[in-house]
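Peer 1: So that you have it, the file is run_15.pdb, and it contains PDB, C-alpha atoms:
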```pdb
ATOM      1  CA  ILE A 505    -101.409  43.504 -86.439
ATOM      2  CA  HIS A 506    -101.057  45.987 -83.576
ATOM      3  CA  CYS A 507    -103.606  48.755 -84.243
ATOM      4  CA  PHE A 508    -102.876  51.196 -81.462
ATOM      5  CA  ASN A 509    -101.497  54.681 -81.910
ATOM      6  CA  ALA A 510     -97.899  55.445 -80.966
ATOM      7  CA  ALA A 511     -96.824  54.415 -77.472
ATOM      8  CA  ASP A 512     -96.511  58.009 -76.247
ATOM      9  CA  ASN A 513    -100.310  58.305 -76.623
ATOM     10  CA  ALA A 514     -99.929  61.187 -79.090
ATOM     11  CA  PRO A 515    -103.402  61.405 -80.644
ATOM     12  CA  LEU A 516    -102.258  62.284 -84.159
ATOM     13  CA  VAL A 517     -99.104  60.178 -84.403
ATOM     14  CA  SER A 518     -99.454  56.609 -85.612
ATOM     15  CA  GLU A 519     -96.804  53.900 -85.567
ATOM     16  CA  TRP A 520     -97.278  53.246 -89.304
ATOM     17  CA  THR A 521     -99.182  54.702 -92.251
ATOM     18  CA  MET A 522    -101.922  53.121 -94.332
ATOM     19  CA  ASP A 523     -99.543  52.982 -97.327
ATOM     20  CA  GLU A 524     -97.122  50.919 -95.241
ATOM     21  CA  MET A 525     -99.971  48.653 -94.154
ATOM     22  CA  ASN A 526    -101.096  48.092 -97.758
ATOM     23  CA  THR A 527     -97.556  47.048 -98.622
ATOM     24  CA  LEU A 528     -97.513  44.650 -95.672
ATOM     25  CA  LEU A 529    -100.878  43.151 -96.658
ATOM     26  CA  ASP A 530     -99.707  42.649-100.247
ATOM     27  CA  GLN A 531     -96.600  40.864 -98.988
ATOM     28  CA  ALA A 532     -98.653  38.709 -96.619
ATOM     29  CA  ARG A 533    -100.998  37.661 -99.422
ATOM     30  CA  ASP A 534     -98.095  36.868-101.749
ATOM     31  CA  CYS A 535     -96.515  34.735 -99.005
ATOM     32  CA  GLY A 536     -99.682  32.669 -98.617
ATOM     33  CA  ILE A 537    -100.845  34.118 -95.289
ATOM     34  CA  ASN A 538    -104.628  34.060 -95.018
ATOM     35  CA  ALA A 539    -105.539  34.826 -91.377
ATOM     36  CA  PHE A 540    -104.735  37.666 -88.986
ATOM     37  CA  THR A 541    -105.036  38.476 -85.303
ATOM     38  CA  ILE A 542    -105.678  42.179 -84.698
ATOM     39  CA  THR A 543    -105.035  44.034 -81.449
ATOM     40  CA  GLY A 544    -106.654  47.420 -80.965
ATOM     41  CA  GLY A 545    -108.836  49.449 -78.643
ATOM     42  CA  GLY A 546    -109.822  52.924 -77.508
ATOM     43  CA  PRO A 547    -108.900  55.607 -76.905
ATOM     44  CA  MET A 548    -105.722  54.930 -78.904
ATOM     45  CA  LEU A 549    -107.323  52.930 -81.712
ATOM     46  CA  HIS A 550    -105.461  53.422 -84.999
ATOM     47  CA  ARG A 551    -107.316  55.936 -87.158
ATOM     48  CA  ASN A 552    -107.313  53.504 -90.117
ATOM     49  CA  PHE A 553    -108.579  50.523 -88.149
ATOM     50  CA  PHE A 554    -111.587  49.741 -90.344
ATOM     51  CA  GLU A 555    -109.664  50.444 -93.559
ATOM     52  CA  ILE A 556    -107.127  47.844 -92.422
ATOM     53  CA  ILE A 557    -109.876  45.264 -91.978
ATOM     54  CA  GLU A 558    -111.294  46.156 -95.400
ATOM     55  CA  GLY A 559    -107.818  45.769 -96.899
ATOM     56  CA  ILE A 560    -107.471  42.293 -95.428
ATOM     57  CA  TYR A 561    -110.797  41.058 -96.796
ATOM     58  CA  SER A 562    -110.362  42.727-100.212
ATOM     59  CA  ARG A 563    -107.246  40.565-100.665
ATOM     60  CA  GLY A 564    -109.092  37.338 -99.906
ATOM     61  CA  MET A 565    -107.752  37.075 -96.348
ATOM     62  CA  TYR A 566    -109.648  37.272 -93.072
ATOM     63  CA  VAL A 567    -109.430  38.279 -89.389
ATOM     64  CA  GLU A 568    -109.518  35.238 -87.143
ATOM     65  CA  GLU A 569    -109.218  36.987 -83.782
ATOM     66  CA  LEU A 570    -109.708  40.507 -82.417
ATOM     67  CA  ASN A 571    -108.078  41.357 -79.080
ATOM     68  CA  THR A 572    -109.387  44.622 -77.649
ATOM     69  CA  ASN A 573    -110.196  46.487 -74.444
ATOM     70  CA  GLY A 574    -113.754  46.869 -75.732
ATOM     71  CA  TYR A 575    -113.936  50.654 -75.695
ATOM     72  CA  PHE A 576    -114.886  50.951 -79.364
ATOM     73  CA  ILE A 577    -117.235  47.960 -79.373
ATOM     74  CA  ASN A 578    -120.756  49.193 -80.074
ATOM     75  CA  GLY A 579    -123.562  48.341 -82.455
ATOM     76  CA  LYS A 580    -122.273  50.670 -85.181
ATOM     77  CA  ALA A 581    -118.739  49.247 -85.064
ATOM     78  CA  LEU A 582    -119.973  45.657 -85.087
ATOM     79  CA  GLU A 583    -122.334  46.295 -87.988
ATOM     80  CA  ARG A 584    -119.497  47.838 -89.993
ATOM     81  CA  MET A 585    -117.318  44.796 -89.383
ATOM     82  CA  ARG A 586    -120.157  42.470 -90.409
ATOM     83  CA  SER A 587    -120.718  44.472 -93.599
ATOM     84  CA  ILE A 588    -117.079  43.803 -94.489
ATOM     85  CA  GLY A 589    -117.568  40.112 -93.740
ATOM     86  CA  CYS A 590    -115.502  40.273 -90.578
ATOM     87  CA  ILE A 591    -116.906  38.017 -87.828
ATOM     88  CA  PRO A 592    -113.820  37.161 -85.750
ATOM     89  CA  LEU A 593    -113.395  35.608 -82.351
ATOM     90  CA  VAL A 594    -113.464  38.676 -80.089
ATOM     91  CA  LYS A 595    -111.407  38.720 -76.885
ATOM     92  CA  ILE A 596    -112.053  41.700 -74.635
ATOM     93  CA  SER A 597    -109.674  42.364 -71.752
ATOM     94  CA  PHE A 598    -109.286  45.208 -69.298
ATOM     95  CA  ASP A 599    -106.027  46.253 -67.680
ATOM     96  CA  GLY A 600    -106.422  50.015 -67.540
ATOM     97  CA  ILE A 601    -106.102  52.443 -70.453
ATOM     98  CA  GLY A 602    -102.564  53.764 -70.795
ATOM     99  CA  TYR A 603    -101.174  51.541 -68.039
ATOM    100  CA  HIS A 604     -98.784  49.789 -70.415
ATOM    101  CA  ASP A 605     -96.940  53.029 -71.145
ATOM    102  CA  TRP A 606     -96.871  53.978 -67.468
ATOM    103  CA  MET A 607     -95.444  50.595 -66.477
ATOM    104  CA  ARG A 608     -92.772  50.768 -69.159
ATOM    105  CA  ALA A 609     -91.581  54.059 -67.680
ATOM    106  CA  HIS A 610     -91.470  52.982 -64.011
ATOM    107  CA  LYS A 611     -89.037  50.352 -62.827
ATOM    108  CA  GLY A 612     -90.743  47.547 -60.944
ATOM    109  CA  ALA A 613     -94.224  48.745 -61.825
ATOM    110  CA  GLU A 614     -95.049  45.567 -63.744
ATOM    111  CA  GLU A 615     -94.700  43.542 -60.531
ATOM    112  CA  THR A 616     -96.595  45.879 -58.200
ATOM    113  CA  ALA A 617     -99.286  47.415 -60.426
ATOM    114  CA  LEU A 618    -102.952  46.773 -59.764
ATOM    115  CA  ARG A 619    -103.763  44.668 -62.823
ATOM    116  CA  ALA A 620    -106.185  42.234 -64.452
ATOM    117  CA  ILE A 621    -109.042  41.034 -62.210
ATOM    118  CA  ARG A 622    -107.602  42.887 -59.204
ATOM    119  CA  LEU A 623    -108.065  46.152 -61.022
ATOM    120  CA  CYS A 624    -111.509  45.050 -62.239
ATOM    121  CA  LEU A 625    -112.745  44.128 -58.770
ATOM    122  CA  THR A 626    -111.559  47.420 -57.296
ATOM    123  CA  ARG A 627    -113.078  49.498 -60.149
ATOM    124  CA  PRO A 628    -116.547  47.956 -60.494
ATOM    125  CA  ILE A 629    -118.000  50.695 -62.704
ATOM    126  CA  LEU A 630    -115.229  50.356 -65.289
ATOM    127  CA  PHE A 631    -115.403  46.557 -65.066
ATOM    128  CA  GLN A 632    -119.135  46.684 -65.701
ATOM    129  CA  THR A 633    -118.481  48.763 -68.843
ATOM    130  CA  GLN A 634    -116.183  46.026 -70.134
ATOM    131  CA  LEU A 635    -118.612  43.231 -69.335
ATOM    132  CA  CYS A 636    -121.461  45.068 -71.043
ATOM    133  CA  ALA A 637    -119.280  45.439 -74.153
ATOM    134  CA  ILE A 638    -118.687  41.679 -74.172
ATOM    135  CA  LEU A 639    -122.398  40.986 -73.777
ATOM    136  CA  ARG A 640    -123.260  43.348 -76.633
ATOM    137  CA  ALA A 641    -120.718  41.595 -78.850
ATOM    138  CA  SER A 642    -122.347  38.250 -78.028
ATOM    139  CA  ARG A 643    -125.357  39.266 -80.132
ATOM    140  CA  TYR A 644    -123.206  38.736 -83.212
ATOM    141  CA  GLY A 645    -121.767  35.321 -82.394
ATOM    142  CA  ASN A 646    -120.523  32.996 -79.674
ATOM    143  CA  VAL A 647    -118.485  34.755 -76.988
ATOM    144  CA  GLY A 648    -116.379  33.250 -74.216
ATOM    145  CA  ILE A 649    -114.971  35.105 -71.217
ATOM    146  CA  MET A 650    -111.638  34.223 -69.611
ATOM    147  CA  PHE A 651    -110.645  35.889 -66.332
ATOM    148  CA  PRO A 652    -106.866  36.400 -65.922
ATOM    149  CA  MET A 653    -104.791  36.147 -62.721
ATOM    150  CA  VAL A 654    -107.426  34.244 -60.712
ATOM    151  CA  THR A 655    -106.093  32.829 -57.438
ATOM    152  CA  SER A 656    -109.156  31.588 -55.538
ATOM    153  CA  PRO A 657    -112.750  30.348 -55.928
ATOM    154  CA  ASP A 658    -113.923  33.443 -54.050
ATOM    155  CA  GLU A 659    -112.496  35.660 -56.784
ATOM    156  CA  LEU A 660    -114.284  33.624 -59.445
ATOM    157  CA  HIS A 661    -117.561  33.894 -57.550
ATOM    158  CA  ARG A 662    -117.176  37.682 -57.382
ATOM    159  CA  LEU A 663    -116.335  37.871 -61.089
ATOM    160  CA  LYS A 664    -119.304  35.709 -62.070
ATOM    161  CA  GLN A 665    -121.583  37.852 -59.917
ATOM    162  CA  ALA A 666    -120.247  40.964 -61.678
ATOM    163  CA  LEU A 667    -121.110  39.331 -65.008
ATOM    164  CA  ALA A 668    -124.632  38.519 -63.807
ATOM    165  CA  ASP A 669    -125.046  42.126 -62.619
ATOM    166  CA  ALA A 670    -123.937  43.400 -66.049
ATOM    167  CA  GLU A 671    -126.550  41.193 -67.716
ATOM    168  CA  ASP A 672    -129.203  42.676 -65.426
ATOM    169  CA  VAL A 673    -128.051  46.199 -66.298
ATOM    170  CA  LEU A 674    -128.358  45.584 -70.040
ATOM    171  CA  ILE A 675    -131.792  43.974 -69.682
ATOM    172  CA  ALA A 676    -133.181  46.578 -67.304
ATOM    173  CA  ARG A 677    -131.495  49.762 -68.457
ATOM    174  CA  GLY A 678    -130.267  49.465 -72.022
ATOM    175  CA  ASP A 679    -127.288  51.567 -73.092
ATOM    176  CA  GLY A 680    -125.672  54.157 -70.848
ATOM    177  CA  ALA A 681    -122.785  56.614 -70.723
ATOM    178  CA  MET A 682    -120.403  57.742 -68.012
ATOM    179  CA  ILE A 683    -120.334  61.493 -67.389
ATOM    180  CA  GLU A 684    -116.928  62.173 -65.886
ATOM    181  CA  THR A 685    -115.424  65.056 -67.893
ATOM    182  CA  PRO A 686    -116.482  68.702 -68.313
ATOM    183  CA  ALA A 687    -116.847  68.025 -72.060
ATOM    184  CA  ALA A 688    -119.439  65.309 -71.345
ATOM    185  CA  VAL A 689    -121.336  67.730 -69.087
ATOM    186  CA  PHE A 690    -121.415  70.412 -71.780
ATOM    187  CA  MET A 691    -122.546  67.814 -74.360
ATOM    188  CA  SER A 692    -124.985  66.057 -72.031
ATOM    189  CA  ARG A 693    -128.056  67.233 -73.956
ATOM    190  CA  GLU A 694    -126.783  65.646 -77.164
ATOM    191  CA  LEU A 695    -125.473  62.538 -75.405
ATOM    192  CA  ALA A 696    -128.791  61.966 -73.628
ATOM    193  CA  ARG A 697    -130.528  61.480 -76.983
ATOM    194  CA  GLU A 698    -128.300  58.477 -77.701
ATOM    195  CA  VAL A 699    -128.565  56.472 -74.450
ATOM    196  CA  ASP A 700    -131.034  55.318 -71.818
ATOM    197  CA  PHE A 701    -129.163  56.449 -68.710
ATOM    198  CA  PHE A 702    -126.203  58.437 -67.393
ATOM    199  CA  SER A 703    -123.887  57.555 -64.534
ATOM    200  CA  ILE A 704    -122.022  60.599 -63.230
ATOM    201  CA  GLY A 705    -118.531  59.540 -62.115
ATOM    202  CA  THR A 706    -117.963  62.135 -59.426
ATOM    203  CA  ASN A 707    -114.371  61.168 -58.612
ATOM    204  CA  ASP A 708    -112.990  61.937 -62.068
ATOM    205  CA  LEU A 709    -115.459  64.745 -62.733
ATOM    206  CA  THR A 710    -114.324  66.563 -59.588
ATOM    207  CA  GLN A 711    -110.628  66.393 -60.404
ATOM    208  CA  TYR A 712    -111.138  67.445 -64.027
ATOM    209  CA  LEU A 713    -113.420  70.342 -63.092
ATOM    210  CA  LEU A 714    -111.026  71.600 -60.413
ATOM    211  CA  ALA A 715    -107.890  70.885 -62.497
ATOM    212  CA  MET A 716    -106.132  68.858 -59.821
ATOM    213  CA  ASP A 717    -105.087  65.265 -59.245
ATOM    214  CA  ARG A 718    -107.097  63.952 -56.312
ATOM    215  CA  GLN A 719    -104.393  61.321 -55.702
ATOM    216  CA  ASN A 720    -101.783  64.032 -55.039
ATOM    217  CA  PRO A 721    -101.586  64.539 -51.237
ATOM    218  CA  ASN A 722    -100.198  68.051 -51.721
ATOM    219  CA  LEU A 723    -103.439  69.087 -53.412
ATOM    220  CA  ALA A 724    -105.773  67.469 -50.876
ATOM    221  CA  PRO A 725    -106.461  70.770 -49.022
ATOM    222  CA  PHE A 726    -107.628  72.347 -52.292
ATOM    223  CA  CYS A 727    -109.742  69.486 -53.630
ATOM    224  CA  ASP A 728    -113.294  70.269 -52.493
ATOM    225  CA  PRO A 729    -115.813  67.701 -53.763
ATOM    226  CA  HIS A 730    -118.599  70.027 -52.529
ATOM    227  CA  HIS A 731    -117.359  72.829 -54.794
ATOM    228  CA  PRO A 732    -120.275  74.718 -56.414
ATOM    229  CA  ALA A 733    -118.873  73.906 -59.865
ATOM    230  CA  VAL A 734    -119.280  70.188 -59.183
ATOM    231  CA  LEU A 735    -122.886  70.570 -58.049
ATOM    232  CA  ARG A 736    -123.721  72.831 -60.994
ATOM    233  CA  ALA A 737    -122.254  70.282 -63.386
ATOM    234  CA  ILE A 738    -124.412  67.571 -61.837
ATOM    235  CA  ARG A 739    -127.509  69.791 -62.052
ATOM    236  CA  GLN A 740    -126.857  70.597 -65.731
ATOM    237  CA  THR A 741    -126.384  66.928 -66.529
ATOM    238  CA  VAL A 742    -129.595  65.908 -64.740
ATOM    239  CA  GLU A 743    -131.624  68.614 -66.473
ATOM    240  CA  SER A 744    -130.298  67.666 -69.906
ATOM    241  CA  ALA A 745    -130.881  63.983 -69.269
ATOM    242  CA  HIS A 746    -134.435  64.325 -68.016
ATOM    243  CA  GLN A 747    -135.393  66.476 -71.012
ATOM    244  CA  ALA A 748    -134.501  63.474 -73.201
ATOM    245  CA  GLY A 749    -136.138  60.890 -70.926
ATOM    246  CA  CYS A 750    -132.749  59.650 -69.730
ATOM    247  CA  THR A 751    -132.240  58.649 -66.070
ATOM    248  CA  VAL A 752    -129.220  59.726 -64.015
ATOM    249  CA  GLY A 753    -127.245  57.937 -61.342
ATOM    250  CA  ILE A 754    -124.375  59.136 -59.169
ATOM    251  CA  CYS A 755    -121.338  56.956 -58.537
ATOM    252  CA  GLY A 756    -118.016  57.598 -56.833
ATOM    253  CA  GLU A 757    -117.297  58.904 -53.364
ATOM    254  CA  LEU A 758    -120.004  61.581 -53.473
ATOM    255  CA  ALA A 759    -122.717  58.952 -53.892
ATOM    256  CA  ALA A 760    -122.031  57.796 -50.318
ATOM    257  CA  ASP A 761    -121.673  61.323 -48.932
ATOM    258  CA  GLU A 762    -124.735  61.672 -46.683
ATOM    259  CA  ALA A 763    -124.209  65.432 -46.506
ATOM    260  CA  LEU A 764    -125.176  65.600 -50.194
ATOM    261  CA  THR A 765    -127.999  63.060 -50.292
ATOM    262  CA  GLU A 766    -130.719  65.685 -49.838
ATOM    263  CA  ALA A 767    -129.067  67.960 -52.411
ATOM    264  CA  PHE A 768    -128.980  65.124 -54.960
ATOM    265  CA  LEU A 769    -132.669  64.417 -54.380
ATOM    266  CA  ARG A 770    -133.513  68.100 -54.929
ATOM    267  CA  LEU A 771    -131.490  68.064 -58.139
ATOM    268  CA  GLY A 772    -133.576  65.132 -59.385
ATOM    269  CA  VAL A 773    -130.895  62.406 -59.316
ATOM    270  CA  ASP A 774    -132.605  59.065 -59.906
ATOM    271  CA  GLU A 775    -130.101  56.680 -58.344
ATOM    272  CA  LEU A 776    -127.093  56.570 -56.010
ATOM    273  CA  SER A 777    -124.538  53.817 -56.550
ATOM    274  CA  VAL A 778    -122.940  53.005 -53.197
ATOM    275  CA  ALA A 779    -120.373  50.228 -52.810
TER
END
```
Take the structure I supplied and represent it as C-alpha cells, if you would.
Peer 2:
Amino acid sequence: IHCFNAADNAPLVSEWTMDEMNTLLDQARDCGINAFTITGGGPMLHRNFFEIIEGIYSRGMYVEELNTNGYFINGKALERMRSIGCIPLVKISFDGIGYHDWMRAHKGAEETALRAIRLCLTRPILFQTQLCAILRASRYGNVGIMFPMVTSPDELHRLKQALADAEDVLIARGDGAMIETPAAVFMSRELAREVDFFSIGTNDLTQYLLAMDRQNPNLAPFCDPHHPAVLRAIRQTVESAHQAGCTVGICGELAADEALTEAFLRLGVDELSVA
C-alpha cells in the first residue's frame, strides 16, 4: 500500500480516500490476503496512515514490512503502532524528499541525479537524521541497515563511520531538531522544550529568510549570509534554547565562516559543525 499524498505534493490532496481503502481491505481479506507491505514517509505521509494500519489489524491481517524515509519515525509514532499490534520489519531509506517528482519531470534526471549513498555522503546532517531514526526504531525490535549503490570498500567504511557517529550523537546528546525555516525560529521556544539540542541549518535558513534560491546564480549578488535577519534569527533561537536548557549548534557554510566565529560566540552558540 503506497501511503504518500498525491505526486504533485499537494498537501491536502490524497491519491485515495479512506472509504476506498476500507473497500480495498475488505476485498483483500475476502481474497485470503493476510500480510501487507506499506510505503510511506514525511512530509507527504497520507493523512490516514495510522487508520489504515488499524484497519488492517482489525480485519485479522498484519503489516509485514514498512518502507519509509524515516521522517515520521519517533517514539510517539512507534508506540502508536505497537498499541495496534503492528511490529513490522522497518526499512528506512533516504533519497531526498520530493526528488521522485522532480526526476519524473526532467528527462535524464534519473541517470544523473545525486542519489542513494552519494546523496547521503554529501549531505551528512540529513544522513545523520536518517541514521538516528533507524537507531531509535531499533529499540522496538531487530533492525538491519542496507546501503544502496555501494561501489567500493572506502564508501562502506565512510557509511559505517557515519553510523557510529550517529550512535555517539544519540548516546551523548539525546533528541535534537534542525532549525532551518523561519517558522522553526519563531517556534523555537516551544520546540526547545521537546528536545535536548538544536542544530541551526544556516544554508536553508538563509535562503528561506531572504526568499531566494541560493543555487540560482542570478540571485548570488543578493544572497547575503551575513544579513542582519539571519543573525537575529540565530540569536532568537539561541536565547529560546538556552532558556529551556537546550544546546545550540551551527551547521552549514556559516559554521566555517571565520568572520562570524566571534559573533557566534557572543551570541552563545555552543557548537560549530565544520566539515
Peer 1: Tell me which residues the PyMOL selection byres ((chain A and resi 588) around 12) grabs here, as a PDB file with C-alpha atoms, in the coordinates of the input.
Peer 2:
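Below you can see expr.pdb, which holds the result:
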```pdb
ATOM      1  CA  PHE A 554    -111.587  49.741 -90.344  1.00  0.00           C
ATOM      2  CA  GLU A 555    -109.664  50.444 -93.559  1.00  0.00           C
ATOM      3  CA  ILE A 556    -107.127  47.844 -92.422  1.00  0.00           C
ATOM      4  CA  ILE A 557    -109.876  45.264 -91.978  1.00  0.00           C
ATOM      5  CA  GLU A 558    -111.294  46.156 -95.400  1.00  0.00           C
ATOM      6  CA  GLY A 559    -107.818  45.769 -96.899  1.00  0.00           C
ATOM      7  CA  ILE A 560    -107.471  42.293 -95.428  1.00  0.00           C
ATOM      8  CA  TYR A 561    -110.797  41.058 -96.796  1.00  0.00           C
ATOM      9  CA  SER A 562    -110.362  42.727-100.212  1.00  0.00           C
ATOM     10  CA  GLY A 564    -109.092  37.338 -99.906  1.00  0.00           C
ATOM     11  CA  MET A 565    -107.752  37.075 -96.348  1.00  0.00           C
ATOM     12  CA  TYR A 566    -109.648  37.272 -93.072  1.00  0.00           C
ATOM     13  CA  VAL A 567    -109.430  38.279 -89.389  1.00  0.00           C
ATOM     14  CA  ALA A 581    -118.739  49.247 -85.064  1.00  0.00           C
ATOM     15  CA  LEU A 582    -119.973  45.657 -85.087  1.00  0.00           C
ATOM     16  CA  GLU A 583    -122.334  46.295 -87.988  1.00  0.00           C
ATOM     17  CA  ARG A 584    -119.497  47.838 -89.993  1.00  0.00           C
ATOM     18  CA  MET A 585    -117.318  44.796 -89.383  1.00  0.00           C
ATOM     19  CA  ARG A 586    -120.157  42.470 -90.409  1.00  0.00           C
ATOM     20  CA  SER A 587    -120.718  44.472 -93.599  1.00  0.00           C
ATOM     21  CA  GLY A 589    -117.568  40.112 -93.740  1.00  0.00           C
ATOM     22  CA  CYS A 590    -115.502  40.273 -90.578  1.00  0.00           C
ATOM     23  CA  ILE A 591    -116.906  38.017 -87.828  1.00  0.00           C
ATOM     24  CA  PRO A 592    -113.820  37.161 -85.750  1.00  0.00           C
TER      25      PRO A 592
END
```
Peer 1: For Gln632 in chain A, which of A:Leu667, A:Met682, A:Ile738, A:Leu713 is the closest residue, counting all atoms listed in the file?
Peer 2: A:Leu667
Peer 1: If we count all atoms listed in the file and set the cut-off at 12 Å, which residues sit around Ala688 in chain A, ignoring sequence neighbours fewer than 5 positions away in its own chain? Please answer as a list in words.
Peer 2: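 Skipping anything fewer than 5 positions along the chain leaves Ala681, Met682, Ile683, Arg693, Glu694, Leu695, Ala696, Phe702, Ser703, Ile704, Gly705, Asp708, Leu709, Tyr712, Leu713, Ala737, Ile738, Gln740, Thr741, Ser744 and Ala745 of chain A.
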Peer 1: Decode the PyMOL selection byres ((chain A and resi 748-753) around 6) for the given file into explicit residues and return them as a VMD selection string.
Peer 2: chain A and resid 696 to 697 700 to 703 745 to 747 754 773 to 776
Peer 1: Using CA of Ile638 in chain A and CA of Asn707 in chain A as the two end points, give the distance in Å to one decimal.
Peer 2: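 Atom-to-atom, CA of Ile638 in chain A to CA of Asn707 in chain A, that is 25.3 Å.
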Peer 1: State, in Å with one decimal place, the distance from CA of Ala539 in chain A to CA of Ile649 in chain A.
Peer 2: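 Computing it gives 22.3 Å between the two atoms.
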Peer 1: Choose the residue, out of A:Phe768, A:Gln531, A:Glu743, A:Leu663, that has the smallest atom-to-atom separation from His730 in chain A; count all atoms listed in the file.
Peer 2: A:Phe768
Peer 1: So the first atom is CA of Pro628 in chain A and the second is CA of Gly756 in chain A; what is the distance between them in Å, to one decimal place?
Peer 2: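 Taking CA of Pro628 in chain A and CA of Gly756 in chain A, their separation equals 10.4 Å.
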Peer 1: Nearest to Cys727 in chain A: which of A:Cys755, A:Cys624, A:Ala715, A:Met653 is it, counting only C-alpha atoms?
Peer 2: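 Smallest separation from Cys727 in chain A among the options: A:Ala715.
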Peer 1: From the list A:Arg551, A:Pro657, A:Leu735, A:Gly536, which residue is nearest Leu758 in chain A when using only C-alpha atoms?
Peer 2: A:Leu735
Peer 1: Of the residues A:Glu568, A:Asp530, A:Asp728, A:Glu766, which is the one nearest to Leu714 in chain A, using only C-alpha atoms?
Peer 2: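 For Leu714 in chain A, the nearest of the given residues is A:Asp728.
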Peer 1: I need the residue nearest Leu623 in chain A from this list: A:Asp717, A:Gln711, A:Glu671, A:Val654. Use only C-alpha atoms for the distance.
Peer 2: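 Of A:Asp717, A:Gln711, A:Glu671, A:Val654, the one nearest Leu623 in chain A, counting only C-alpha atoms, is A:Val654.
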Peer 1: To box range 745-763 of chain A, take all atoms listed in the file, fit an axis-aligned box, add 3 Å on each side, and give centre and edge lengths in Å to one decimal, as AutoDock Vina command-line options.
Peer 2:
```
--center_x -126.7 --center_y 61.7 --center_z -59.9 --size_x 24.8 --size_y 15.5 --size_z 32.7
```
Peer 1: Writing N, CA and C atoms and nothing else, produce range 731-750 of chain A as a PDB file, in the first residue's frame.
Peer 2:
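Result file part-v9.pdb:
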```pdb
ATOM      1  N   HIS A 731      23.426  38.790   6.435  1.00  0.00           N
ATOM      2  CA  HIS A 731      22.284  39.699   6.567  1.00  0.00           C
ATOM      3  C   HIS A 731      21.853  39.763   8.036  1.00  0.00           C
ATOM      4  N   PRO A 732      21.518  40.952   8.537  1.00  0.00           N
ATOM      5  CA  PRO A 732      21.101  41.081   9.941  1.00  0.00           C
ATOM      6  C   PRO A 732      19.942  40.154  10.318  1.00  0.00           C
ATOM      7  N   ALA A 733      19.051  39.874   9.364  1.00  0.00           N
ATOM      8  CA  ALA A 733      17.920  38.998   9.669  1.00  0.00           C
ATOM      9  C   ALA A 733      18.391  37.594  10.027  1.00  0.00           C
ATOM     10  N   VAL A 734      19.451  37.141   9.362  1.00  0.00           N
ATOM     11  CA  VAL A 734      19.983  35.805   9.643  1.00  0.00           C
ATOM     12  C   VAL A 734      20.572  35.766  11.051  1.00  0.00           C
ATOM     13  N   LEU A 735      21.349  36.779  11.393  1.00  0.00           N
ATOM     14  CA  LEU A 735      21.977  36.812  12.716  1.00  0.00           C
ATOM     15  C   LEU A 735      20.944  36.986  13.825  1.00  0.00           C
ATOM     16  N   ARG A 736      19.897  37.761  13.556  1.00  0.00           N
ATOM     17  CA  ARG A 736      18.840  37.925  14.562  1.00  0.00           C
ATOM     18  C   ARG A 736      18.079  36.624  14.767  1.00  0.00           C
ATOM     19  N   ALA A 737      17.877  35.888  13.686  1.00  0.00           N
ATOM     20  CA  ALA A 737      17.194  34.597  13.800  1.00  0.00           C
ATOM     21  C   ALA A 737      18.014  33.630  14.632  1.00  0.00           C
ATOM     22  N   ILE A 738      19.327  33.640  14.422  1.00  0.00           N
ATOM     23  CA  ILE A 738      20.208  32.771  15.208  1.00  0.00           C
ATOM     24  C   ILE A 738      20.171  33.178  16.680  1.00  0.00           C
ATOM     25  N   ARG A 739      20.233  34.497  16.939  1.00  0.00           N
ATOM     26  CA  ARG A 739      20.197  34.975  18.325  1.00  0.00           C
ATOM     27  C   ARG A 739      18.897  34.564  19.021  1.00  0.00           C
ATOM     28  N   GLN A 740      17.755  34.734  18.328  1.00  0.00           N
ATOM     29  CA  GLN A 740      16.470  34.369  18.920  1.00  0.00           C
ATOM     30  C   GLN A 740      16.416  32.880  19.238  1.00  0.00           C
ATOM     31  N   THR A 741      16.945  32.082  18.327  1.00  0.00           N
ATOM     32  CA  THR A 741      16.939  30.634  18.534  1.00  0.00           C
ATOM     33  C   THR A 741      17.799  30.245  19.732  1.00  0.00           C
ATOM     34  N   VAL A 742      18.981  30.845  19.842  1.00  0.00           N
ATOM     35  CA  VAL A 742      19.888  30.541  20.951  1.00  0.00           C
ATOM     36  C   VAL A 742      19.254  30.941  22.283  1.00  0.00           C
ATOM     37  N   GLU A 743      18.652  32.122  22.322  1.00  0.00           N
ATOM     38  CA  GLU A 743      18.033  32.583  23.565  1.00  0.00           C
ATOM     39  C   GLU A 743      16.895  31.660  23.990  1.00  0.00           C
ATOM     40  N   SER A 744      16.060  31.272  23.034  1.00  0.00           N
ATOM     41  CA  SER A 744      14.940  30.384  23.352  1.00  0.00           C
ATOM     42  C   SER A 744      15.438  29.023  23.826  1.00  0.00           C
ATOM     43  N   ALA A 745      16.470  28.532  23.162  1.00  0.00           N
ATOM     44  CA  ALA A 745      17.006  27.219  23.508  1.00  0.00           C
ATOM     45  C   ALA A 745      17.604  27.213  24.903  1.00  0.00           C
ATOM     46  N   HIS A 746      18.415  28.207  25.207  1.00  0.00           N
ATOM     47  CA  HIS A 746      19.104  28.229  26.492  1.00  0.00           C
ATOM     48  C   HIS A 746      18.132  28.404  27.658  1.00  0.00           C
ATOM     49  N   GLN A 747      17.018  29.088  27.414  1.00  0.00           N
ATOM     50  CA  GLN A 747      16.001  29.229  28.464  1.00  0.00           C
ATOM     51  C   GLN A 747      15.418  27.875  28.851  1.00  0.00           C
ATOM     52  N   ALA A 748      15.418  26.928  27.901  1.00  0.00           N
ATOM     53  CA  ALA A 748      14.875  25.590  28.159  1.00  0.00           C
ATOM     54  C   ALA A 748      15.972  24.566  28.446  1.00  0.00           C
ATOM     55  N   GLY A 749      17.222  25.031  28.587  1.00  0.00           N
ATOM     56  CA  GLY A 749      18.319  24.106  28.850  1.00  0.00           C
ATOM     57  C   GLY A 749      18.724  23.294  27.641  1.00  0.00           C
ATOM     58  N   CYS A 750      18.470  23.823  26.465  1.00  0.00           N
ATOM     59  CA  CYS A 750      18.747  23.146  25.197  1.00  0.00           C
ATOM     60  C   CYS A 750      20.002  23.766  24.577  1.00  0.00           C
TER      61      CYS A 750
END
```
